[in-house]
Amino acid sequence: MKHRIVVLGAGYSGAIAAGRLAARLYRDEVTITLVNAEPDFVERIRMHELSTGRDLKHRSYADLFAGTGVDLKLAKVTAVDVERKTVALESEDLEYDTLVYALGSGWNSQGVPGAAEHTYQIASRPGALRLRERLTSLPAGQPVTVVGGGLTGVEFVTELAESRPDLDVALVVRGGLGDWLSPKGRRHLRTVVDRLGITVHENARVTEVATDHVAVGGSRIPSAVTVWTAGFAVHPIVQATALEVSDTGRIVVDRTMRSVSHPDVYAIGDAAYAMGSKNKPLRMSCASGQPMAWQAADSIAARLTGGRLPHAPLAYFNQCISLGRKDGLIQYVTTDDRAVNAALTGRVAAVYKESICKGAAWSVANPTLGLPVRRRHVVRAAVPSREWTS
């Protein structure tokens with residue numbers, strides 16, 4: 001009987017994991033089913049571009065996985081039963097021997113009154129398109145408020161201010177603007193924000209959102225459109241499983257991306273709570289999700305074929321931030337993601353960031369990074385893979 005591998009979610013992590021597994025294992029020995037609700041790949045790291053009017057390249061999963069042996073199933077996941085080893089879809093149930101959970105995350109209102117009812121989000125394509133439609137109809141001079149000063153908020157607010165200089169754009173951040181960056185990085189971000197005419201409310205906590213304003217403490221910021229980028233939350237399906245999760249609801253995994261409570265389940269991307277360099281949890285990001293996908297796929301293949309488990313460290317090198325179409329910021333970091341006093345800025349950084357975005361999409365269609373891969377046979381007998389000695 002073939003070993004049944006089911007991958008849930010075809011974002012950067014899930015799509016790469018499915019394609020990489022297909023390249024390493026024989027089709028007559030395993031089945032690889034990739035489940036996704038949409039028929040084409042969504043470049044999530046470009047949602048700030050889509051929402052401000054830029055059209056993105058269409059990438060059909062049918063084309064991406066043609067001839068690979070990956071069985072694409074377009075359906076919405078409604079439940080996961082890790083005890084019975086089944087996945088419930090809208091119209092059927094799937095049984096698995098190995099599950100790769102990559103359903104990712106969505107926006108998080110943080111429980112702020114009015115946020116769910118009166119804000120827009122760009123954590124998904126439907127959300128970005130809804131915001132795009134609203135912004136297109138918004139007259140000149142109207143106020144737009146962006147809540148959240150992390151990477152998503154900074155990229156969106158600069159993209160919006162550059163593409164719509166006729167709007168009154170404001171950014172609300174809980175701490176200081178770019179306080180996670182190096183001094184050089186903060187100075188450059190401040191320069192760009194000032195040049196684009198963005199009003200920044202620092203050390204401000206949003207307490208309520210209404211149809212026409214954002215409440216910050218005892219004051220109100222006028223807002224015809226409020227965009228919420230203040231954090232992400234994992235898919236709620238995880239909470240209904242017996243999987244061990246962190247206090248933020250992410251699936252706790254070991255260094256091979258395997259669940260610490262259910263060894264036939266692997267988690268990657270935003271849904272996984274994995275340790276990186278210096279025993280620090282990896283942040284939710286494409287920069288984390290891609291190497292997690294490689295690690296999981298190679299670990300599954302190794303365990304099925306009796307090979308050696310991968311031991312590549314999961315570490316960071318830089319943070320790539322677009323600041324509109326003509327400017328950018330590449331903040332170099334330590335392996336555990338702390339800023340160092342080195343950064344690339346300006347037009348060169350914008351080109352660098354664009355190459356990273358293109359490379360991320362390219363890796364979905366080229367999950368082995370264009371390198372030759374040798375398929376290995378599944379070991380029928382119970383032969384353990386060669387584990388780490390450290």
# chains A, B, ... in the order shown; residues from 1 in each chain; ligands from 1
>>> residues_around(residues="region 133-139 of chain A", least_positions_apart="5", cutoff="10 Å", atoms="only C-alpha atoms", output="PyMOL selection string")
chain A and resi 51-53+120+128+144+160+164+166-167+224-225
>>> closest_atom_pairs(of="region 99-209 of chain A", to="region 10-23 of chain A", cutoff="9 Å", atoms="only C-alpha atoms", output="tab-separated table")
residue	atom	partner	partner_atom	distance
A:Val100	CA	A:Gly14	CA	7.6
A:Tyr101	CA	A:Gly14	CA	7.7
A:Ala102	CA	A:Gly14	CA	5.3
A:Leu103	CA	A:Ala10	CA	7.7
A:Gly104	CA	A:Gly11	CA	7.7
>>> residues_around(residues="region 338-346 of chain A", least_positions_apart="4", cutoff="12 Å", atoms="only C-alpha atoms", output="VMD selection string")
chain A and resid 178 to 189 191 to 192 277 to 278 280 282 to 283 315 to 334 350 to 353
>>> write_last_selection(atoms="C-alpha atoms", output="PDB file, in the first residue's frame")
ATOM      1  CA  GLY A 178      10.935  51.067  13.384  1.00  0.00           C
ATOM      2  CA  ASP A 179      12.169  50.467  16.920  1.00  0.00           C
ATOM      3  CA  TRP A 180      13.321  46.966  15.976  1.00  0.00           C
ATOM      4  CA  LEU A 181      15.738  48.361  13.369  1.00  0.00           C
ATOM      5  CA  SER A 182      19.322  49.546  13.656  1.00  0.00           C
ATOM      6  CA  PRO A 183      19.965  53.295  14.047  1.00  0.00           C
ATOM      7  CA  LYS A 184      20.712  53.544  10.315  1.00  0.00           C
ATOM      8  CA  GLY A 185      17.572  51.634   9.471  1.00  0.00           C
ATOM      9  CA  ARG A 186      15.409  53.826  11.712  1.00  0.00           C
ATOM     10  CA  ARG A 187      16.859  56.999  10.227  1.00  0.00           C
ATOM     11  CA  HIS A 188      16.151  55.853   6.699  1.00  0.00           C
ATOM     12  CA  LEU A 189      12.616  54.760   7.516  1.00  0.00           C
ATOM     13  CA  THR A 191      13.327  59.933   6.100  1.00  0.00           C
ATOM     14  CA  VAL A 192      11.053  57.998   3.736  1.00  0.00           C
ATOM     15  CA  SER A 277      19.133  30.068  16.325  1.00  0.00           C
ATOM     16  CA  LYS A 278      19.985  30.418  20.017  1.00  0.00           C
ATOM     17  CA  LYS A 280      14.609  31.574  19.884  1.00  0.00           C
ATOM     18  CA  LEU A 282      11.011  31.639  14.557  1.00  0.00           C
ATOM     19  CA  ARG A 283       8.729  34.542  13.669  1.00  0.00           C
ATOM     20  CA  ALA A 315      18.772  31.125  10.961  1.00  0.00           C
ATOM     21  CA  TYR A 316      18.125  34.644   9.693  1.00  0.00           C
ATOM     22  CA  PHE A 317      20.371  36.880   7.625  1.00  0.00           C
ATOM     23  CA  ASN A 318      18.365  40.024   6.917  1.00  0.00           C
ATOM     24  CA  GLN A 319      14.932  41.616   6.863  1.00  0.00           C
ATOM     25  CA  CYS A 320      13.864  42.910   3.454  1.00  0.00           C
ATOM     26  CA  ILE A 321      11.427  45.824   3.525  1.00  0.00           C
ATOM     27  CA  SER A 322       9.895  47.613   0.548  1.00  0.00           C
ATOM     28  CA  LEU A 323       9.171  51.302   1.053  1.00  0.00           C
ATOM     29  CA  GLY A 324       7.094  51.941  -2.028  1.00  0.00           C
ATOM     30  CA  ARG A 325       8.220  50.962  -5.527  1.00  0.00           C
ATOM     31  CA  LYS A 326      11.357  53.099  -5.582  1.00  0.00           C
ATOM     32  CA  ASP A 327      12.837  52.716  -2.123  1.00  0.00           C
ATOM     33  CA  GLY A 328      13.649  49.957   0.295  1.00  0.00           C
ATOM     34  CA  LEU A 329      15.498  48.886   3.409  1.00  0.00           C
ATOM     35  CA  ILE A 330      17.555  45.744   3.898  1.00  0.00           C
ATOM     36  CA  GLN A 331      18.238  45.400   7.596  1.00  0.00           C
ATOM     37  CA  TYR A 332      20.990  42.899   8.354  1.00  0.00           C
ATOM     38  CA  VAL A 333      20.415  40.827  11.477  1.00  0.00           C
ATOM     39  CA  THR A 334      22.015  38.223  13.703  1.00  0.00           C
ATOM     40  CA  ALA A 350      14.269  48.219  -3.507  1.00  0.00           C
ATOM     41  CA  VAL A 351      15.800  46.170  -6.316  1.00  0.00           C
ATOM     42  CA  TYR A 352      17.166  43.689  -3.757  1.00  0.00           C
ATOM     43  CA  LYS A 353      13.743  43.299  -2.148  1.00  0.00           C
TER      44      LYS A 353
END
>>> atom_distance(atom1="CA of Ser363 (chain A)", atom2="CA of Lys57 (chain A)")
15.0 Å
>>> residues_around(residues="Ala230 (chain A)", least_positions_apart="3", cutoff="7 Å", atoms="only C-alpha atoms", output="NGL selection string")
:A and (108 or 147-148)
>>> write_last_selection(atoms="N, CA and C atoms", output="CSV table (one decimal), in the first residue's frame")
chain,number,residue,atom,x,y,z
A,108,ASN,N,-5.4,39.4,12.9
A,108,ASN,CA,-5.8,39.3,14.3
A,108,ASN,C,-6.2,40.7,14.8
A,147,VAL,N,-3.0,50.8,11.2
A,147,VAL,CA,-2.7,50.4,12.6
A,147,VAL,C,-1.7,49.3,12.6
A,148,GLY,N,-0.6,49.5,13.2
A,148,GLY,CA,0.5,48.5,13.2
A,148,GLY,C,1.7,48.9,12.5
>>> select_by_dssp(residues="region 214-377 of chain A", states="strand (DSSP E)", output="PyMOL selection string")
chain A and resi 214-216+219-222+225-228+232-234+251-252+265-267+272-273+318-322+328-333+339-345
>>> residues_around(residues="region 30-41 of chain A", least_positions_apart="2", cutoff="7 Å", atoms="only C-alpha atoms", output="list of chain:residue names")
A:Lys2, A:His3, A:Arg4, A:Ile5, A:Val6, A:Val7, A:Leu8, A:Gly9, A:Ala10, A:Gly11, A:Ala18, A:Tyr26, A:Arg27, A:Asp28, A:Glu43, A:Arg59, A:Ser60, A:Tyr61, A:Val70, A:Asp71, A:Leu72, A:Lys73, A:Leu74, A:Ala75, A:Lys76
>>> write_last_selection(atoms="N, CA and C atoms", output="short mmCIF file (atom, residue, chain, number, x, y, z; two decimals), in the first residue's frame")
data_model
loop_
_atom_site.label_atom_id
_atom_site.label_comp_id
_atom_site.auth_asym_id
_atom_site.auth_seq_id
_atom_site.Cartn_x
_atom_site.Cartn_y
_atom_site.Cartn_z
N LYS A 2 0.51 2.24 -0.78
CA LYS A 2 1.29 3.46 -0.84
C LYS A 2 1.18 4.25 0.47
N HIS A 3 2.26 4.92 0.81
CA HIS A 3 2.26 5.80 1.97
C HIS A 3 1.55 7.10 1.59
N ARG A 4 0.55 7.48 2.36
CA ARG A 4 -0.29 8.63 2.02
C ARG A 4 0.18 9.88 2.77
N ILE A 5 0.65 10.85 1.99
CA ILE A 5 1.07 12.14 2.54
C ILE A 5 0.04 13.19 2.14
N VAL A 6 -0.49 13.89 3.12
CA VAL A 6 -1.46 14.96 2.85
C VAL A 6 -0.86 16.28 3.33
N VAL A 7 -0.84 17.26 2.46
CA VAL A 7 -0.33 18.59 2.80
C VAL A 7 -1.51 19.56 2.79
N LEU A 8 -1.72 20.23 3.91
CA LEU A 8 -2.84 21.17 4.03
C LEU A 8 -2.32 22.60 3.86
N GLY A 9 -2.79 23.28 2.82
CA GLY A 9 -2.38 24.65 2.58
C GLY A 9 -1.30 24.74 1.53
N ALA A 10 -1.51 25.60 0.54
CA ALA A 10 -0.55 25.72 -0.56
C ALA A 10 -0.02 27.13 -0.67
N GLY A 11 0.31 27.72 0.49
CA GLY A 11 1.06 28.97 0.48
C GLY A 11 2.50 28.66 0.18
N ALA A 18 5.22 20.15 -0.65
CA ALA A 18 4.62 19.13 -1.53
C ALA A 18 5.51 18.87 -2.74
N TYR A 26 9.35 8.19 -4.91
CA TYR A 26 8.80 7.57 -6.12
C TYR A 26 7.27 7.57 -6.07
N ARG A 27 6.66 7.90 -7.21
CA ARG A 27 5.20 8.02 -7.28
C ARG A 27 4.47 6.72 -7.03
N ASP A 28 5.12 5.60 -7.36
CA ASP A 28 4.44 4.32 -7.16
C ASP A 28 4.54 3.83 -5.71
N GLU A 43 0.78 35.31 -3.81
CA GLU A 43 2.02 35.89 -3.28
C GLU A 43 1.67 36.77 -2.09
N ARG A 59 -0.53 32.60 -11.22
CA ARG A 59 0.22 31.34 -11.17
C ARG A 59 -0.74 30.22 -10.77
N SER A 60 -1.16 29.43 -11.74
CA SER A 60 -2.10 28.35 -11.51
C SER A 60 -1.40 27.15 -10.88
N TYR A 61 -2.01 26.57 -9.84
CA TYR A 61 -1.44 25.37 -9.23
C TYR A 61 -1.45 24.21 -10.22
N VAL A 70 2.13 15.44 -7.74
CA VAL A 70 1.32 16.02 -6.65
C VAL A 70 -0.13 16.06 -7.09
N ASP A 71 -1.00 15.49 -6.27
CA ASP A 71 -2.44 15.48 -6.54
C ASP A 71 -3.06 16.70 -5.87
N LEU A 72 -3.48 17.67 -6.68
CA LEU A 72 -4.06 18.90 -6.15
C LEU A 72 -5.55 18.72 -5.91
N LYS A 73 -5.99 19.04 -4.70
CA LYS A 73 -7.41 18.94 -4.36
C LYS A 73 -7.88 20.31 -3.89
N LEU A 74 -8.77 20.91 -4.67
CA LEU A 74 -9.29 22.23 -4.33
C LEU A 74 -10.48 22.09 -3.39
N ALA A 75 -10.26 22.39 -2.13
CA ALA A 75 -11.30 22.23 -1.12
C ALA A 75 -10.91 22.99 0.13
N LYS A 76 -11.91 23.28 0.94
CA LYS A 76 -11.67 23.94 2.22
C LYS A 76 -11.60 22.90 3.32
#
